[in-house]
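All remarks here apply to the structure that follows.
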Amino acid sequence: MNGLMDEQHIGQLAAFCEQVYQSSSPNERRQAENVLNEFMNSSDALEKCVHVLKRAPSTFTLLWISSCLMRLLQRERLFVLAEKKLEIRNLCLNYLANQPNELYVTQNLTRLLVKVVKLGWFETVNDEFIFRKTIDDVQLFLERDVPSCAVGVYILSSLIDEINESSTVRSLVRQRKIVSSFRDESLKSLFSLGLSSVKQLSASAVNSSPESSKLMENVLQLLLACLTFDFIGTAPEESTDDTGTLQIPTSWRPAFISDDLLPMFYELAISLPHALSEKALQILVQLVSVRRSLFSTTERKTYLQNIMDGIKKVLDKNTILSESSCYHQFCRLLAKLKCNYQLNEIVDIDGYDTIIDTIAKFTLSSLENWHFSSNSIHYLLSLWQRLCTAVPYVKSDKVHYLPVYAPQISKTFLKTRLEMAVGVIRDGLEDPLDDVATLHQQLDLLSTIVRIEYPTNCNTVISLLEEAVSAFQSASSLSLQNLTLLENRLTWIVLYIGAMIGGRVSFQVNDDNDALDGRLICSVLRLMQISDARLEQHGSKNLEIGFVFFFDQFRRIYIGEQVNRPSNVYKILAETLGLTEESMLLDIIIKKILTNLRYWSKNRDIVDETMQLFNSLSIGYTCVRKMSKLDAVKFMLANHNADNFPFLGDCSAECLKTRRLFYQSLGRILLVDLGEDEEKFLLFMQPLTNTIETMFGQIAATQLQYNDERLKLQTVGLCCDLRGLVMSLTNKACFSMFFDWLYPKYLPLLTQALVCWADCPILSTAVLKCVAEIVQNKSQRLMFDVSSPNGILLFREASKLLCQYGERVLSMNDVPDDTLYTTKLKQISLCFQILRSSLAGGYVNFGVFALYGDECHMNAINMFIKLLGTLPERALMEYPKLSSSYYSLMDVVTQDHLTLLGSVDANVIVYILSTLAEGIASVDVSVSTSCCSALDNIISFIFKKSLRNGESQVVEKLRDIVKMQNSVFQQIMNSIVHIVMYEECKNQWSMSRPLLGLILLNQEYFKEVVQRNFVAMQPADKQPLLSKCFENLMNEVEPNLLGKNRDRFTQHIAVFRRDVSVQLHLPRADIEREQAAAGSATDTNMMLS
């Protein structure tokens, strides 16, 4: 299908499109996809697609052509002329306006249309912003019949969504400019259009026919798109949607102070069909979130009154809440209520007592009907949690009734969870205990609610627990089903108690409540004793996880350096159980950890939760010192092997993180009293020594057979153990002892295993991560004694590993794309990290290697160059971890090791410069900062070496490259100037450092091309102002790279950036956010109360 697209070719294209979408034969579909992909990748694909689009193709051809054009525009948007985009726009409008299409074709054509409009938003045809007139063209649809009107509204809502979508434009600056322009010019009118349309549709009651219902749905979607627009450039994530405030522009204020706005949407939510009611409720969720600073005090009170009256009206009618989607949105609406208003304001509204009573009854009903509302409970608990948090700050004389309703809600929550346990066991319902993330969220919210009327709640739960424990003690007479049911009920009670303990607030300490906490803790400890005594016969996974959660809450509140002393908790524990101090509680927790790691080693959930608890305990400064004196901990330090901890024999991928955390925690405890006691350290290392000796003895016997999977997995597990231990060794003395143990006996064996099994991704990743941790000089732990050769020996071993493993990587050809990262790129990234840490560690004098003819330094650099050459095109930008490791390595290499590039081919240096040019524009600040530093190092190197008599080979090569490939440096200069002028530029200081050197290398180009181009882009009246900004930029800047001169230029960059922003009135996301923050500062403070 190359060349001119005649009728025959178009017919063939239509046949292939139909095969792709309708053929039942996989081979036929695959062949058709290959042909169409070839068509799409041809050099003139865009012209062909437009040509086909003009010929009124079939439905499937139209569907595929529109999809193809979207991909091409996204890929080649910078090279498509405005006239061609306009042609595509007109064709799409023509199809949508004049030809009836299938729904999916209409959707695809609309997506293509709005994408073209966004890409051409700032482009002109005949000195006119023609793409912005699309909104006026689409509004002509609204003057026709109902179906056409529905299509027009759908196009407008899709345009808002497309403008708001940041991923469709690579440049964040361009995205913010488009968003700001659209917001200021068009969004308000579209919102007004939506409001007037809703009013007309509501008044005329035309929403009974399918066409009218579709129109109403699209109008509501248009309003929702307007309200969810990113007004101030915060790009909020969905996870923050339920806590954010809607930053409505002040110019929209008249629409929101209207008395009929909220009542209209409440009425729509009640009267419309359920599918449309959900949309109306979604709009109400946004309306409730409108920033409070938009209103005056009186207006805000009226607005809140309308919100609360509408909530009561919905609850009284109760007609739409039987539909789960509407119910869910209404719960979201309730949760938003306290995000934006103080409890003082809510209490002062008319009819508060009736409304809060209605909401409480609704919450209780929702908790009782848990099978219907499980996904919405979070929002209701969130409302009550925020209300209860604000109780200490209430200044109103009116009663808020929270002490009446909060205990009912907390008790009903526990009661319904206990009933839920019955349904799970006897009716086979889904167990909410399995959804750990949701469960912890709910318990975290409940922890605040339950502290209201705390004594009443405590007495209730203690009574329930004593009753359940009594039944549990005689569990031998129960059937397995009833025993499991009882254990699940106990689990809910233990989790509930954990939440109660975790809800204690340090600045509101109450001795009576602490005494109640003591009673709760004693009850749980008694239950745990009974449960542990029965482990040999029967155990409950859920109950064990409940105990771990309980201990984690207890740890946060009553263990550690932040805990106030004395506490009535320990007084009650001493009187009841004889536990007189914190160390005794720690001993119980550690023994429970030991029990879990032994008896539940095959249960990943229990082991993981237990290990997280152990790790948290080992982090605390005071806690870890008390732990180190416990006999149970001493046992762990001396006997950490698979016989005592069976999970250490599990080499599966799921267990590796657990093993790493285990040794990281043990390492922290070991360091407390280790000092320089080498005998104690070797005693601790004995289990690992036995493991590695046994394992490598088997390796020597089998001569590293490729098919020995067991040895591979053992090597992986060992590397994870060592990595976890090394992560905790943060001082020089302990690391020196570890290095003496590791080298020269064991480290070369790891290199041998890595090279032999290089084709095993799991093993290579584990070994490389372990070595990357070893060579990292954190806390200066690798600063060996002056007479010690260990730093040099460590680098030589790292270089040997990189070179030998790198050769294996270079031989890996034809790696499938779907496994390319896991089998090759990830490992190369780790190699870059190892080399970067080795070069930047400061523990090796690299001049020694050249002095004594040791080539390990040069070999490592050469292997880095070779590995860089194997990376696929675009890999550095597509894989963030690879990008980060490469650019940080380039920063280090160019800083102190540029002389080694003298033997490198000039094309390689040009390629490196091109990657730096690409990285400068990265949205990752760390990447762009590393690129700036690397470029500054290169330019400074050329300047400094050139001042000396006689240039080195490297300087000559770099100078030749500057002359031959000056376009690369010019491209970088343009990029930096553009970023400084138009983008947010979070690393302004870093950007200024290489820019001065680039200007000095290309002074004529900067004056004649860069300045002229950037000035010419502006309107005529702005050009003199911008020219003056450029003149001031180089004022008093000397042609050298001395420190004072650099600092002066950096100061000029800051002034230049500010002046450009002010003079040209550029939209800036950071400035817009500051302005919005100034307007809503009160909102944030109010949320706390």
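Following the order of the structure tokens, chains are lettered A, B, ..., residues in each are numbered from 1, and ligands are numbered from 1.
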
Query raised in the report: Can you tell me, as number ranges by chain, what residues are no more than 6 Å from stretch 597-605 of chain A when counting only C-alpha atoms, ignoring any on the same chain fewer than 2 positions away?
Result: A: 594-595, 607-608, 645-647

Take the residues that were just selected and, keeping N, CA, C and O atoms, output them as an mmCIF file, in the first residue's frame.
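Result file selection-v5.cif:
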```cif
data_model
loop_
_atom_site.group_PDB
_atom_site.id
_atom_site.type_symbol
_atom_site.label_atom_id
_atom_site.label_comp_id
_atom_site.auth_asym_id
_atom_site.auth_seq_id
_atom_site.Cartn_x
_atom_site.Cartn_y
_atom_site.Cartn_z
ATOM 1 N N LEU A 594 9.397 -14.267 67.785
ATOM 2 C CA LEU A 594 10.089 -15.553 67.638
ATOM 3 C C LEU A 594 9.101 -16.681 67.366
ATOM 4 O O LEU A 594 9.321 -17.538 66.495
ATOM 5 N N THR A 595 8.007 -16.672 68.106
ATOM 6 C CA THR A 595 6.993 -17.713 67.924
ATOM 7 C C THR A 595 6.418 -17.689 66.518
ATOM 8 O O THR A 595 6.286 -18.728 65.865
ATOM 9 N N VAL A 607 4.422 -13.869 58.445
ATOM 10 C CA VAL A 607 5.859 -13.603 58.494
ATOM 11 C C VAL A 607 6.151 -12.165 58.076
ATOM 12 O O VAL A 607 6.952 -11.468 58.714
ATOM 13 N N ASP A 608 5.498 -11.701 57.020
ATOM 14 C CA ASP A 608 5.747 -10.333 56.556
ATOM 15 C C ASP A 608 5.310 -9.298 57.584
ATOM 16 O O ASP A 608 6.049 -8.334 57.862
ATOM 17 N N PHE A 645 14.937 -20.570 62.286
ATOM 18 C CA PHE A 645 14.048 -19.677 61.550
ATOM 19 C C PHE A 645 13.842 -20.256 60.154
ATOM 20 O O PHE A 645 14.608 -19.936 59.223
ATOM 21 N N PRO A 646 12.853 -21.119 60.011
ATOM 22 C CA PRO A 646 12.687 -21.850 58.738
ATOM 23 C C PRO A 646 12.544 -20.960 57.509
ATOM 24 O O PRO A 646 12.900 -21.372 56.409
ATOM 25 N N PHE A 647 12.061 -19.719 57.666
ATOM 26 C CA PHE A 647 11.894 -18.865 56.486
ATOM 27 C C PHE A 647 13.243 -18.509 55.864
ATOM 28 O O PHE A 647 13.311 -18.113 54.691
#
```

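Residues lying within 8 Å of stretch 84-99 of chain A, counting only C-alpha atoms and ignoring same-chain neighbours fewer than 4 positions away, are Val50, Leu53, Lys54, Val80, Thr106, Leu109, Thr110, Leu112, Leu113, Val116, Val117, Gly120, Ile130, Phe131, Val138, Phe141, Ser148 and Val151 of chain A.
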
Query - helix (DSSP H, G or I) per DSSP on the backbone: members of stretch 925-1039 of chain A, as number ranges by chain - result: A: 925-946, 953-964, 966-982, 988-1001, 1003-1016, 1023-1033

Query - Nearest residue to A:Glu419 from the set A:Asp431, A:Asp514, A:Glu679, A:Glu28 (distances using only C-alpha atoms) - result: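 The closest residue to A:Glu419 is A:Asp431.
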
**Report entry** Contacts of stretch 799-811 of chain A at 8 Å (only C-alpha atoms; same-chain gap of 4+ positions) as a list of chain:residue names
**Finding:**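 Using only C-alpha atoms, the neighbours found are A:Thr751, A:Leu754, A:Val755, A:Ala758, A:Phe795, A:Lys824, A:Cys831, A:Leu835, A:Cys856, A:His857, A:Asn859, A:Ala860, A:Met863, A:Lys866, A:Leu867, A:Thr870.
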
Selection export as a short mmCIF file (atom, residue, chain, number, x, y, z; two decimals), in the first residue's frame, atoms kept: N, CA and C atoms:
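Just written: part_34.cif:
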```
data_model
loop_
_atom_site.label_atom_id
_atom_site.label_comp_id
_atom_site.auth_asym_id
_atom_site.auth_seq_id
_atom_site.Cartn_x
_atom_site.Cartn_y
_atom_site.Cartn_z
N THR A 751 31.51 -13.24 42.64
CA THR A 751 31.79 -12.85 41.25
C THR A 751 31.75 -14.06 40.34
N LEU A 754 28.18 -15.08 39.75
CA LEU A 754 27.50 -14.11 38.88
C LEU A 754 27.86 -14.33 37.42
N VAL A 755 29.14 -14.51 37.15
CA VAL A 755 29.57 -14.68 35.76
C VAL A 755 29.06 -15.99 35.18
N ALA A 758 25.10 -15.79 34.66
CA ALA A 758 24.71 -14.44 34.22
C ALA A 758 23.37 -14.43 33.53
N PHE A 795 37.87 -1.87 45.21
CA PHE A 795 37.61 -1.36 43.86
C PHE A 795 38.08 -2.35 42.80
N LYS A 824 18.22 -7.71 31.22
CA LYS A 824 19.42 -7.01 30.76
C LYS A 824 19.52 -5.58 31.27
N CYS A 831 24.95 -2.19 37.38
CA CYS A 831 26.38 -2.04 37.10
C CYS A 831 26.78 -0.57 37.13
N LEU A 835 29.56 1.17 39.71
CA LEU A 835 30.68 1.98 39.26
C LEU A 835 30.58 3.40 39.81
N CYS A 856 42.73 -1.80 36.05
CA CYS A 856 41.36 -2.06 36.50
C CYS A 856 40.49 -0.80 36.42
N HIS A 857 41.10 0.38 36.67
CA HIS A 857 40.35 1.62 36.58
C HIS A 857 39.90 1.87 35.14
N ASN A 859 39.74 -0.30 32.72
CA ASN A 859 38.87 -1.39 32.26
C ASN A 859 37.42 -1.15 32.67
N ALA A 860 37.25 -0.65 33.88
CA ALA A 860 35.88 -0.38 34.36
C ALA A 860 35.21 0.71 33.51
N MET A 863 34.34 -0.71 30.09
CA MET A 863 33.17 -1.58 30.13
C MET A 863 31.90 -0.75 30.24
N LYS A 866 31.13 0.32 26.78
CA LYS A 866 30.61 -0.79 25.98
C LYS A 866 29.15 -1.09 26.34
N LEU A 867 28.85 -1.11 27.63
CA LEU A 867 27.48 -1.37 28.06
C LEU A 867 26.54 -0.26 27.59
N THR A 870 25.30 -0.80 24.14
CA THR A 870 24.32 -1.87 23.90
C THR A 870 22.90 -1.44 24.22
#
```

Contact residues around A:Ser628 with only C-alpha atoms at 8 Å, ignoring same-chain residues under 6 positions, as an mmCIF file with N, CA, C and O atoms, in the first residue's frame:
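Saved to selection.cif:
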```cif
data_model
loop_
_atom_site.group_PDB
_atom_site.id
_atom_site.type_symbol
_atom_site.label_atom_id
_atom_site.label_comp_id
_atom_site.auth_asym_id
_atom_site.auth_seq_id
_atom_site.Cartn_x
_atom_site.Cartn_y
_atom_site.Cartn_z
ATOM 1 N N LYS A 634 19.265 -12.015 72.187
ATOM 2 C CA LYS A 634 20.602 -12.626 72.167
ATOM 3 C C LYS A 634 20.563 -13.992 71.477
ATOM 4 O O LYS A 634 21.496 -14.360 70.744
ATOM 5 N N ILE A 669 20.623 -4.136 65.855
ATOM 6 C CA ILE A 669 20.738 -4.568 67.256
ATOM 7 C C ILE A 669 22.177 -4.928 67.581
ATOM 8 O O ILE A 669 22.695 -4.609 68.664
ATOM 9 N N LEU A 670 22.872 -5.595 66.650
ATOM 10 C CA LEU A 670 24.262 -5.988 66.872
ATOM 11 C C LEU A 670 25.147 -4.778 67.127
ATOM 12 O O LEU A 670 26.052 -4.813 67.973
ATOM 13 N N VAL A 672 24.640 -2.061 68.620
ATOM 14 C CA VAL A 672 24.429 -1.321 69.865
ATOM 15 C C VAL A 672 25.620 -1.481 70.806
ATOM 16 O O VAL A 672 26.152 -0.502 71.351
ATOM 17 N N ASP A 673 26.069 -2.692 71.010
ATOM 18 C CA ASP A 673 27.164 -2.955 71.957
ATOM 19 C C ASP A 673 28.381 -3.582 71.294
ATOM 20 O O ASP A 673 29.231 -4.151 71.968
#
```

Query raised in the report: What's the 8 Å shell around A:Ile792, counting only C-alpha atoms, without same-chain residues fewer than 6 positions away, as a ChimeraX atom specification?
Result: /A:843-845

Query raised in the report: So which residues touch stretch 1027-1030 of chain A within 9 Å, counting only C-alpha atoms, skipping near sequence neighbours fewer than 3 positions away, as JSON, numbers by chain?
Result: {"A": [1007, 1011, 1012, 1015, 1022, 1023, 1024, 1033, 1034, 1035, 1055, 1056, 1057, 1059, 1060]}

Write a file of the selected residues as a PDB file, in the first residue's frame, keeping N, CA and C atoms.
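Listed below is the output, out-v3.pdb:
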```pdb
ATOM      1  N   LYS A1007      24.493  35.492  20.633  1.00  0.00           N
ATOM      2  CA  LYS A1007      24.036  36.843  20.345  1.00  0.00           C
ATOM      3  C   LYS A1007      23.188  36.910  19.076  1.00  0.00           C
ATOM      4  N   GLN A1011      19.415  34.851  20.993  1.00  0.00           N
ATOM      5  CA  GLN A1011      18.682  36.059  21.378  1.00  0.00           C
ATOM      6  C   GLN A1011      17.670  36.451  20.309  1.00  0.00           C
ATOM      7  N   ARG A1012      18.123  36.455  19.045  1.00  0.00           N
ATOM      8  CA  ARG A1012      17.236  36.881  17.966  1.00  0.00           C
ATOM      9  C   ARG A1012      16.002  35.998  17.863  1.00  0.00           C
ATOM     10  N   VAL A1015      13.665  36.463  20.937  1.00  0.00           N
ATOM     11  CA  VAL A1015      13.028  37.779  20.886  1.00  0.00           C
ATOM     12  C   VAL A1015      11.967  37.814  19.788  1.00  0.00           C
ATOM     13  N   LYS A1022       6.652  43.543  22.811  1.00  0.00           N
ATOM     14  CA  LYS A1022       7.405  42.898  23.876  1.00  0.00           C
ATOM     15  C   LYS A1022       8.873  42.696  23.518  1.00  0.00           C
ATOM     16  N   GLN A1023       9.211  42.804  22.241  1.00  0.00           N
ATOM     17  CA  GLN A1023      10.565  42.492  21.803  1.00  0.00           C
ATOM     18  C   GLN A1023      11.635  43.394  22.411  1.00  0.00           C
ATOM     19  N   PRO A1024      11.447  44.689  22.486  1.00  0.00           N
ATOM     20  CA  PRO A1024      12.489  45.527  23.125  1.00  0.00           C
ATOM     21  C   PRO A1024      12.717  45.168  24.590  1.00  0.00           C
ATOM     22  N   LEU A1033      21.514  40.193  31.139  1.00  0.00           N
ATOM     23  CA  LEU A1033      21.989  38.870  31.546  1.00  0.00           C
ATOM     24  C   LEU A1033      23.507  38.793  31.510  1.00  0.00           C
ATOM     25  N   MET A1034      24.134  39.358  30.483  1.00  0.00           N
ATOM     26  CA  MET A1034      25.595  39.264  30.335  1.00  0.00           C
ATOM     27  C   MET A1034      26.309  40.526  30.812  1.00  0.00           C
ATOM     28  N   ASN A1035      25.589  41.418  31.445  1.00  0.00           N
ATOM     29  CA  ASN A1035      26.196  42.651  31.938  1.00  0.00           C
ATOM     30  C   ASN A1035      27.191  42.351  33.058  1.00  0.00           C
ATOM     31  N   VAL A1055      17.595  37.057  38.125  1.00  0.00           N
ATOM     32  CA  VAL A1055      16.966  38.328  37.750  1.00  0.00           C
ATOM     33  C   VAL A1055      16.358  38.229  36.351  1.00  0.00           C
ATOM     34  N   PHE A1056      17.085  37.600  35.437  1.00  0.00           N
ATOM     35  CA  PHE A1056      16.605  37.414  34.070  1.00  0.00           C
ATOM     36  C   PHE A1056      15.287  36.644  34.045  1.00  0.00           C
ATOM     37  N   ARG A1057      15.241  35.578  34.798  1.00  0.00           N
ATOM     38  CA  ARG A1057      14.035  34.747  34.841  1.00  0.00           C
ATOM     39  C   ARG A1057      12.851  35.531  35.404  1.00  0.00           C
ATOM     40  N   ASP A1059      12.493  38.865  35.460  1.00  0.00           N
ATOM     41  CA  ASP A1059      12.113  39.944  34.548  1.00  0.00           C
ATOM     42  C   ASP A1059      11.342  39.416  33.340  1.00  0.00           C
ATOM     43  N   VAL A1060      11.776  38.287  32.793  1.00  0.00           N
ATOM     44  CA  VAL A1060      11.066  37.705  31.652  1.00  0.00           C
ATOM     45  C   VAL A1060       9.639  37.354  32.038  1.00  0.00           C
TER      46      VAL A1060
END
```

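Counting from atom CA of A:Val910, the distance to atom CA of A:Val962 is 9.3 Å.
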